[in-house]
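**Q** Before I ask anything, here is the structure I am working with.
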Amino acid sequence: MTDLGVQRRLTTVVAADVVGYSRLVEADEAGTLAALKRLRLTVLEPLLAEHRGRLVKLMGDGLIAEFGSVVGAVACAAAIQTRLAEGQDAIPPERRIVLRIGINLGDVVVEGDDLLGDGVNVAARLEQACPPGGVLVSGPAYDQLTGKIDVPFESAGELRLKNIARPVRAYRIMPGGSLAPLATVPLMDRPAVAVLPFDNMSGDPEQAYFSDGITEDIITELSRFRELMVIARNSSFAFRGKNTDVREIGHTLGAGYVVEGSVRRAGNRLRITAQLIGAATGAHLWAERYDRGVEDIFDIQEEIAKGIVATVAQRVLEDSEAAARRRPPEDILFLRGHRLSDVFTPGAQDQARALFEQARAIDPTFARAYTGLAYNHSNRSIDEGVGIPRDRNPDLIAALDLARQALALDPNDPRVQATIARMHLAWRDFDAAERHFNLAREMNPNDPTIQVTWPWIQACLGHPEMGLPAAELAKRLNPRYPRWYDDYVARILFLLGRYEEAEAMLRRKTSGAPEEHPRDMGWRTAACGHLGWEDEARRCAGWFVRAVGRYWRGDPAGPREYVDWFIDVTSLKRVKDEERLRDGLRAAGLPA
C-alpha cells in the first residue's frame, strides 16, 4: 500500500563509481584520494553544474546525482567519460581513474536532500553492470531520448540485476559516438523568465517600435540579475501575435515565469499594462498599470521598464525560494543564511553564520558564501567590537578578508563588488569603496540592496545631496524594504542639515529600546542638539552613553572616548561632516 505521507517525485538518477577503487587506494592511498579530489573539482562538479544536475550524495568511490532532464543526464555522463579519457593519456593504465555510470528514470522517495527507493536502486545496479568507461541507460530513460540527443546507442538486452526482481531493459552508449545534443531546452537551476513582446494596442503600426522597445529594455535589465535566467529575445519574440497558452510557452521555452503586457496610445496619453504569470499553473502573480503623458517618450520607456523589472525580479525570487529544495545544497544554505542576515534576535546571527559556513564547506568556490560571512562578521563587530580599534577588531579584519576572497572567486557578481566596497568603507579606504560600489551599481542598477547602500557611501564621501533620490528609488524597487533602509536615509538627512526629519526617522526606530541602538542613538542625539531641543537632547545623550557603555569592549573609558569612537566608525571622509556630528553631540551636553 502506498504511504500518502511520503514525498515522491519522478526524476532522473545518475549513479557513478570508480572501477577498482580498493586496488587503487591500496597501491597509493594519498595519490588516489588527491586524484579523486581533482576529478571532482575539475570535471564532475563543473559538468554537473553545466548540465543542471544536483549532487545528492558523494561516497568515497562514487556519487549519486539527480537531473530534471534525461537529456541533461545522458549528455553530462557522456561528457564526463570523454573528459576523463582525454585527461589520462600520460598516466599508467594501472593508475588511471575509470568510471562506470548508470542512468535511470524512475520514482524516488525524497528525504530532505537525499533520494531513496527503487528509482535509485535501479541506477546503482545499472552502474555495477556497466563496462568500465561506459554509460548504461535504463529503458524508461532511453525512451525519452528519441530525436533529442545525437548519441548512438546499442541495446544491452534485458538485464537481471542484483536485488531487482524484474528484468531491466537497458541500452549503452556506443564507443566513439557523437555527444552533441540536438536543440532542446535544458532544466535551469535558476528561476527562468520569458518576456513576451508587449502588444501594440494603439491600432497604429508605427507605435510598434515603442512596445518593442519596452520589451527589449525589460529583457536587458532583468538579465542584470544573476539569480535569474532570462530567455533570449529571439526565442520569446517567436510568440508574437500567437494566441498560445502561457503554460505551453513556459514549457517550450523552459521558463517558470512569463511577463506579458500591452501598450495603448490615445492622443497624448500612454497606458501600459504588465503582468507576471507562473508558467506551471497559469496563475497571475502580479499586475500593474501605468498611465503617462507622451511628452518625453523615451524617458517614460526607461522609467516604466525599470519599474517593471524591479518588481518582477523581486516577486520571482521570493516565489522561487519556495522551490529552492531542488537547487544545489550550497545555494539553499546561502538563501537560508541570507534571510537571517538582517535578523538580530538572540542566536539569529549565529545561525546565519553556521549556514554560510556549511555552504562554503560544500563548495569552497561559492563566492556568495564568503559575502554572507563577511556581512555576518561585520554585523558582529557592531556589537562585539564597540570600543576596539579596527586594526585589533578580529571580526572587522575577518570581514575584509572574506570579502577579498569572494572578489577573487567572482569579480563579476555585483553583490560581491558591493560587499568589498562596504568592507573598505568600514576601514575608511574611501577610494576603494567608491570604485567597487560604482562597479556594483553599473553591473545591476536595479538591485535595491545596492541602490540603497550606494547613497550612503556617497554621503560618506561628502556628497549627501546625491543620496536621497537613489535611496527613494531603492524603496520603490523594494516596497517591502527592511527597516535598515531608513537608517541610511536618516543619516543622509542629517548631513544635509535636515535634522528634524532625521530625528523623526531615528525616533521611530529607537523609542522602544533606545539602549539597544548605540549608533542610531548617537545620530539622534546630535540631531536634537542641532535643533536646540535641550531636554530631549540631554535625554538622548544619556541613552547614548548607556548604550555605548553596555557594549564597550575596549579599555575602560567614559563619554569622551565613546564620542571619539562613534565619530570614527561613522566613516565620514570630510572633516566638516565629522564636525557637524560633533557640534550636535556637544550641543546635547556630551564632551565632544
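Quick note on naming: the chains in the C-alpha cells go A, B, ... in the order shown, residues restart at 1 in each chain, and ligands are numbered from 1 in order of appearance.
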As a PyMOL selection string, please: the residues near Thr32 in chain A (cut-off 9 Å, only C-alpha atoms, same-chain neighbours under 4 positions excluded).
**A** chain A and resi 21+24-25+27-28+36-37+95+97
**Q** Could you please write out, as a list in words, every residue of range 29-99 of chain A that DSSP assigns to strand (DSSP E)?
**A**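 Of range 29-99 of chain A, the ones in strand (DSSP E) are Gly53, Arg54, Leu55, Val56, Lys57, Leu58, Met59, Gly62, Leu63, Ile64, Ala65, Glu66, Phe67 and Leu99 of chain A.
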**Q** Between A:Val416, A:Ala310, A:Leu585, A:Ala474, which has the minimum distance to Arg524 in chain A (counting only C-alpha atoms)?
**A** A:Leu585
**Q** Which residues are close to range 382-392 of chain A, i.e. within 7 Å by only C-alpha atoms, leaving aside same-chain residues fewer than 2 positions away? Reply as a ChimeraX atom specification.
**A** /A:378-380,394,396,551-554,565
**Q** Any chance you can output those residues with C-alpha atoms as a compact mmCIF listing (two decimals), in the first residue's frame?
**A**
```
# COMPACT_ATOMS: atom_id res chain seq x y z
CA SER A 378 30.66 42.95 10.08
CA ASN A 379 27.35 42.74 11.97
CA ARG A 380 29.10 41.06 14.87
CA PRO A 394 39.02 40.37 14.79
CA LEU A 396 36.33 43.58 11.14
CA TYR A 551 28.56 47.18 24.51
CA TRP A 552 32.02 48.66 25.21
CA ARG A 553 34.79 46.11 24.66
CA GLY A 554 37.80 48.41 24.72
CA TRP A 565 34.86 56.04 18.79
```
